[in-house]
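Asker: Take a look at this one; I'll ask things after.
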There are 2 protein chains.
Amino acid sequence: MNDPNLFCVILAGGSGSRFWPLSRETWPKQMLQIAGEESLLRQTIKRVSGFFLPENVWIVTTEDKAQDIGFHLEALGTWTKKIRYIKEPIGKNTAPAVGLAAAYLHHLFPESIMAIMPSDHAIPNTDKFLTDLGLAIQGAKEDHLVTFGIKPNRPETGYGYIKVDKISATKKSGLLSVERFFEKPDLQTAKAYLSDGSYFWNSGIFVWKTSKILSEIERHLPSLFRTLEEIEAFVFQPSKPTNKSEQTNQIRHLYDSIESISIDYGVMERSENILMVPAQFRWSDVGSWTALDDIIEKDESGNILKGNTIDIGSRNSIIFSGERLVATIGLKDTVVVDTPDATLVTSKERAQEVRKVVEALKMSNREEHLVHRTVERPWGNYTVLEKGSRYKIKKIALHPKAKLSLQIHHHRSEHWVVVSGTARVTRGEEVFDVHPNESTFIPISVKHRLENRGRIPLQIIEVQNGDYVEEDDIERFDDEYGR
Amino acid sequence: MNDPNLFCVILAGGSGSRFWPLSRETWPKQMLQIAGEESLLRQTIKRVSGFFLPENVWIVTTEDKAQDIGFHLEALGTWTKKIRYIKEPIGKNTAPAVGLAAAYLHHLFPESIMAIMPSDHAIPNTDKFLTDLGLAIQGAKEDHLVTFGIKPNRPETGYGYIKVDKISATKKSGLLSVERFFEKPDLQTAKAYLSDGSYFWNSGIFVWKTSKILSEIERHLPSLFRTLEEIEAFVFQPSKPTNKSEQTNQIRHLYDSIESISIDYGVMERSENILMVPAQFRWSDVGSWTALDDIIEKDESGNILKGNTIDIGSRNSIIFSGERLVATIGLKDTVVVDTPDATLVTSKERAQEVRKVVEALKMSNREEHLVHRTVERPWGNYTVLEKGSRYKIKKIALHPKAKLSLQIHHHRSEHWVVVSGTARVTRGEEVFDVHPNESTFIPISVKHRLENRGRIPLQIIEVQNGDYVEEDDIERFDDEYGR
């Protein structure tokens, strides 16, 4: 533990649509608190936080998500600021993400061992997980690729499988020798796997030396390997001095050409001498709404009810609500998910097709797949209460001591009415306080800032008026949060 | 037609919970536009409006609903102001409502004939309805109680039945002689009724002389009859001069003692010489969400979709949405009804149990069964966008030329921001205009009024601040709408 050569690489680039409407493009599944007391990402970080040095936790994500993830993790403590980020210009599946992290780490720490894990899986038992992780690290030190297999308890067709060679098991270490990887099977095949006993679910968690995985990538994905070498050279040994934006553009250009391919398909299925830890911990990839049945305790009718719900006689159903009331009667095997601007009702059997809904929303230029009505920001959050022609109404909540950027809007004026707390307002050259039950007015094109210098949250209602009332009408001059 | 002795009495006292969450205690089923282009009540009024003199249309409803119904009907034209209202202090089922109307009408017009009809049924074919109504009036003139029977097309267990004596049919007039009334049957009995051919659904529509029904009430419901006589005497021949509030109290006292009983059970099942019109028109009592299957055309998958919906592969389902998005996948025989503050999802089979949800809401002192988030008023409407501790945010829309009452709030101040139109504001002694993108402030206990003198709707955002932000903190000094 806390070995300076041990790194944890967390893959957090997903913007999956499988948990819509709770997940949005800007608020992906790993940020959701769907199982347990924290978001899946925070649980992942907490799970490994005693095992790895804080600065040895690296998160691979896309450029547009890195800042939100950073803010999201701050709630766990200031030590999370030590976490490093590798920002992909665009998501390219797991092989490039793993390769990029391996290239960076290997350059900086040639002896490094990396544990790769998704940010959006559920693993309720941390102790058992860390014990198994220790086993895997032993295998990795002996130059093996090590993976984690989960003992199946049903003929699941949604997971890939790992077949182990039971006879060749290296019993001493507890690790098993992998015979082959299999893609998601059909039901009949899954049943055969289940009864055979030598098949395990592929958890997507891996441990290996960075040098080892790079040599495997060189062998099985030579084109990816060459691009990684170029990126590495560009970042660490630039032939000429470059500024940050040049570097960003060049990396983006190189990354664009990379093939989107998973580490399982690109490397694991083709490599040899892979070992598998038969996991002692419980695990779910939380792959769809129905996966909650595996990880959340049901009531005596087989239901999972959350939020503001009234149910009469439903069975085996999942009802997720927030503050709005959802009343359900006599449902069977149904999933209902309610959010302030959209509701999903689906049979469990077809819950995976929620992707099609998200596709339809994209096609018709809607917004319900992009953002939530309440948007979390580093300084607090805002909720769009109403949007009409030429106006928008927001509720804005600022944490104590938080301040928005100094900014100008070119197309709208704003009325602010304080409902609780005290607002310190900068308006042009003036600086003044606005108390509950008072209001102020920010004309178009006047530089302004909203700040909460108090000890309780500040809540204001903002009424925007103008020809154009979108979020991108903002020019920032000074920002606490480096935006 | 337009016979001064012909009266139409429309029963509009219902506050049913069967269409929750679209219906609320203050916005009952008859006000809903669920089938056709207008609300069921407006359709009912339009259906009879050429047949009866406007002043011969009487609506029986409860005191608390009469004003809302009046405002609701104004959209049909100023002639609706001629409609008369009989206000029950409290709903007491149909026998007292019919009796009260008969007593009033008979006192004023001893020769009157009354057609009784519910305000919340669907009858798509007006011409056929009026033809049948003409037949019924002929029967009533010959001193019969006349009812309308609907030819059943399925073994419905939700309706009462009428058995006719086919042999004794008075073929000449097209009227059939009624043998007996039956309460809602079980399925097996309903199947027998259907195959027998001499059973009809009881539509709840009746025609008779007021003198005839009063004598039947005297015979079968003597206690009700005596109370009606007392009320009649009190209203029309008071022994001493009374003011309006005394009168109201006395009638309330008398009405409280009346037994809640239906006209079918109290009179029709016990009377003789009843005739039935075998209705030529299509009819539904719109008794539950699933009744929509009979009156709204379905798509090729058997679905009824309304509002902002995306459906993937559902069958035989009813999906009602407003502006919020409802996405549905693979549902079967399911009803989904979405409103701004509550969503219902129920199997069709158990849709009637929505009453239990409403009961549960009542028990727990919730508000979702009482009012909608948007409340219709004679001057326009308001929508509660957000309510929190010590504050409430409303969007208020005023029709052109409309004005709110001159009023005072004792526990809250109000900020008004105009988003469209021009607001004429009275504040204490001041009168001034507020334009889009301008705001004003109404302090606690200052007399004020909001008015739209313009030609386009006025929209404002109101932020209320105070210890108590409920609707009943209002003292009115002058009100256009007589409140």
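Just so we're on the same page: first chain in the structure tokens is A, next is B, and so on; residues restart at 1 for each chain, and ligands are numbered from 1 in the order they show up.
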Using only C-alpha atoms, which protein or nucleic acid residues come within 6 Å of B:Thr426? Drop anything in the same chain fewer than 5 positions from it, and give the result as a list in words.

Answerer: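 Using only C-alpha atoms, the neighbours found are Val431, His448 and Arg449 of chain B.
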
Asker: Quick check: residues of chain A within 6 Å of chain B, only C-alpha atoms, returned as an MDAnalysis selection string.

Answerer: chainID A and resid 324:331 341:347 437 465

Asker: Would you please give, as number ranges by chain, all residues of stretch 232-442 of chain B that DSSP assigns to helix (DSSP H, G or I) based on the backbone?

Answerer: B: 232-236, 244-256, 263-268, 289-295, 348-363

Asker: I want to know what sits within 8 Å of A:Phe148, based on only C-alpha atoms, with residues of the same chain fewer than 2 positions away left out; could you give that as a list in words?

Answerer: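 So, after excluding close chain neighbours, the residues are Val146, Ile150, Asn202, Ser203, Gly204, Ile205, Phe206, Met276, Val277, Pro278 and Ala279 of chain A.
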
Asker: Could you save those same residues with N, CA and C atoms as a compact mmCIF listing (two decimals), in the first residue's frame?

Answerer:
# COMPACT_ATOMS: atom_id res chain seq x y z
N VAL A 146 -3.18 -9.06 -15.51
CA VAL A 146 -4.10 -9.66 -14.54
C VAL A 146 -5.48 -9.02 -14.66
N ILE A 150 -15.72 -12.41 -12.24
CA ILE A 150 -16.80 -12.50 -11.25
C ILE A 150 -17.55 -13.81 -11.47
N ASN A 202 -16.42 -10.92 -17.11
CA ASN A 202 -15.30 -10.01 -17.28
C ASN A 202 -15.66 -8.66 -16.66
N SER A 203 -14.95 -8.31 -15.57
CA SER A 203 -15.33 -7.12 -14.79
C SER A 203 -14.79 -5.82 -15.37
N GLY A 204 -13.83 -5.90 -16.29
CA GLY A 204 -13.24 -4.67 -16.83
C GLY A 204 -12.25 -4.01 -15.89
N ILE A 205 -11.82 -4.76 -14.87
CA ILE A 205 -10.80 -4.26 -13.95
C ILE A 205 -9.50 -5.03 -14.23
N PHE A 206 -8.38 -4.30 -14.39
CA PHE A 206 -7.13 -4.93 -14.79
C PHE A 206 -5.96 -4.37 -13.98
N MET A 276 -6.17 -14.51 -13.88
CA MET A 276 -7.43 -13.93 -13.42
C MET A 276 -7.58 -14.11 -11.91
N VAL A 277 -7.99 -13.05 -11.23
CA VAL A 277 -8.36 -13.16 -9.82
C VAL A 277 -9.84 -13.53 -9.76
N PRO A 278 -10.16 -14.69 -9.17
CA PRO A 278 -11.60 -14.98 -8.97
C PRO A 278 -12.11 -14.11 -7.82
N ALA A 279 -12.86 -13.07 -8.20
CA ALA A 279 -13.17 -12.01 -7.23
C ALA A 279 -13.97 -12.54 -6.06

Asker: A:Val375: which residues within 12 Å, counting only C-alpha atoms, same-chain residues fewer than 5 positions away excluded, as a PDB file with C-alpha atoms, in the first residue's frame?

Answerer:
ATOM      1  CA  ARG A  24     -27.421  13.485 -19.151  1.00  0.00           C
ATOM      2  CA  THR A  26     -23.209  16.689 -19.102  1.00  0.00           C
ATOM      3  CA  TRP A  27     -24.015  14.542 -16.053  1.00  0.00           C
ATOM      4  CA  ASP A  68     -16.943  18.965 -13.611  1.00  0.00           C
ATOM      5  CA  PRO A 340     -37.949  17.640 -13.260  1.00  0.00           C
ATOM      6  CA  LEU A 370     -28.027  17.256 -22.610  1.00  0.00           C
ATOM      7  CA  GLY A 380     -23.485  26.134  -6.089  1.00  0.00           C
ATOM      8  CA  ASN A 381     -26.192  25.456  -8.634  1.00  0.00           C
ATOM      9  CA  TYR A 382     -28.899  27.016 -10.733  1.00  0.00           C
ATOM     10  CA  THR A 383     -32.327  25.765 -11.764  1.00  0.00           C
ATOM     11  CA  VAL A 384     -34.171  26.962 -14.843  1.00  0.00           C
ATOM     12  CA  LEU A 385     -37.701  27.517 -13.523  1.00  0.00           C
ATOM     13  CA  LYS A 394     -33.620  30.943 -12.724  1.00  0.00           C
ATOM     14  CA  LYS A 395     -33.246  30.085  -9.110  1.00  0.00           C
ATOM     15  CA  ILE A 396     -29.578  30.506  -8.176  1.00  0.00           C
ATOM     16  CA  ALA A 397     -28.002  29.088  -5.007  1.00  0.00           C
ATOM     17  CA  GLU A 471     -25.930  30.331 -21.306  1.00  0.00           C
TER      18      GLU A 471
END

Asker: Pick out the residues sitting within 7 Å of A:Lys87, and hand them over as a list in words; count only C-alpha atoms, and ignore anything fewer than 4 positions along from it in its own chain.

Answerer: Val60, Thr61, Thr62, Glu63 and Ala66 of chain A

Asker: Those residues you just picked out, can you put them in a file as a short mmCIF file (atom, residue, chain, number, x, y, z; two decimals), in the first residue's frame with N, CA and C atoms?

Answerer:
data_model
loop_
_atom_site.label_atom_id
_atom_site.label_comp_id
_atom_site.auth_asym_id
_atom_site.auth_seq_id
_atom_site.Cartn_x
_atom_site.Cartn_y
_atom_site.Cartn_z
N VAL A 60 -8.71 9.25 -16.20
CA VAL A 60 -8.73 9.51 -17.64
C VAL A 60 -10.15 9.89 -18.02
N THR A 61 -10.30 11.07 -18.57
CA THR A 61 -11.63 11.50 -19.01
C THR A 61 -11.48 12.44 -20.20
N THR A 62 -12.60 12.92 -20.70
CA THR A 62 -12.51 13.82 -21.84
C THR A 62 -12.36 15.25 -21.34
N GLU A 63 -11.82 16.11 -22.21
CA GLU A 63 -11.53 17.50 -21.83
C GLU A 63 -12.75 18.19 -21.24
N ALA A 66 -13.53 16.97 -17.45
CA ALA A 66 -12.52 16.94 -16.39
C ALA A 66 -12.85 17.93 -15.27
#

Asker: Show me, as a ChimeraX atom specification, the residues that have an atom within 7 Å of A:Thr157 when counting only C-alpha atoms, minus same-chain residues fewer than 4 positions from it.

Answerer: /A:184-187,190

Asker: Grab the residues selected above and save them as a compact mmCIF listing (two decimals), in the first residue's frame with C-alpha atoms.

Answerer:
# COMPACT_ATOMS: atom_id res chain seq x y z
CA LYS A 184 -21.39 -11.28 -24.80
CA PRO A 185 -23.09 -14.63 -25.45
CA ASP A 186 -26.65 -15.50 -26.43
CA LEU A 187 -28.89 -16.95 -23.73
CA ALA A 190 -24.73 -18.12 -21.31

Asker: Mind listing the strand (DSSP E or B) residues of stretch 68-103 of chain B, per DSSP on the backbone, as number ranges by chain?

Answerer: B: 84-88

Asker: Print the selection's residues with N, CA and C atoms to a file, as a PDB file, in the first residue's frame.

Answerer:
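Result file follows (part_2.pdb):
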ATOM      1  N   ARG B  84     -78.619  29.757 -15.490  1.00  0.00           N
ATOM      2  CA  ARG B  84     -78.933  29.920 -14.075  1.00  0.00           C
ATOM      3  C   ARG B  84     -78.201  28.847 -13.248  1.00  0.00           C
ATOM      4  N   TYR B  85     -77.897  29.157 -12.029  1.00  0.00           N
ATOM      5  CA  TYR B  85     -77.181  28.208 -11.175  1.00  0.00           C
ATOM      6  C   TYR B  85     -77.999  27.870  -9.946  1.00  0.00           C
ATOM      7  N   ILE B  86     -78.119  26.612  -9.640  1.00  0.00           N
ATOM      8  CA  ILE B  86     -78.666  26.193  -8.353  1.00  0.00           C
ATOM      9  C   ILE B  86     -77.483  25.674  -7.546  1.00  0.00           C
ATOM     10  N   LYS B  87     -77.208  26.332  -6.435  1.00  0.00           N
ATOM     11  CA  LYS B  87     -75.999  25.999  -5.687  1.00  0.00           C
ATOM     12  C   LYS B  87     -76.330  25.145  -4.472  1.00  0.00           C
ATOM     13  N   GLU B  88     -75.848  23.933  -4.481  1.00  0.00           N
ATOM     14  CA  GLU B  88     -75.990  23.084  -3.305  1.00  0.00           C
ATOM     15  C   GLU B  88     -74.927  23.473  -2.281  1.00  0.00           C
TER      16      GLU B  88
END

Asker: Calculated over only C-alpha atoms, which of the candidates B:Gly149, B:Gly91, B:Pro222, B:Gly266 has the smallest distance to B:Asp64?

Answerer: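 Among the listed residues, B:Gly91 lies closest to B:Asp64.
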
Asker: In terms of the shortest atom-to-atom distance over only C-alpha atoms, which of A:Val48, A:Ile251, A:Ile456, A:Ile408 is closest to A:Leu133?

Answerer: A:Val48

Asker: Considering only C-alpha atoms, return as a ChimeraX atom specification whatever protein or nucleic-acid residues lie within 9 Å of B:Gly70, sequence-local ones (same chain, fewer than 5 positions apart) excluded.

Answerer: /B:65,80-81,83,85

Asker: Distance atom CA of B:Asn243-atom CA of B:Phe7, one decimal place?

Answerer: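 About the pair atom CA of B:Asn243 and atom CA of B:Phe7: they are 28.6 Å apart.
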
Asker: Using only C-alpha atoms, which residue out of A:Arg373, A:Arg366, A:Lys141, A:His121 lies closest to A:Met31?

Answerer: A:His121

Asker: Do you have the atom CA of A:Phe129-atom CA of A:Phe281 distance handy?

Answerer: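 For atom CA of A:Phe129 relative to atom CA of A:Phe281, the distance reads 5.5 Å.
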
Asker: Find, counting only C-alpha atoms, the residue in B:His253, B:Lys166, B:Arg355, B:Arg219 that gets nearest to B:Arg18.

Answerer: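 With only C-alpha atoms as the atom set, the closest residue is B:Arg355.
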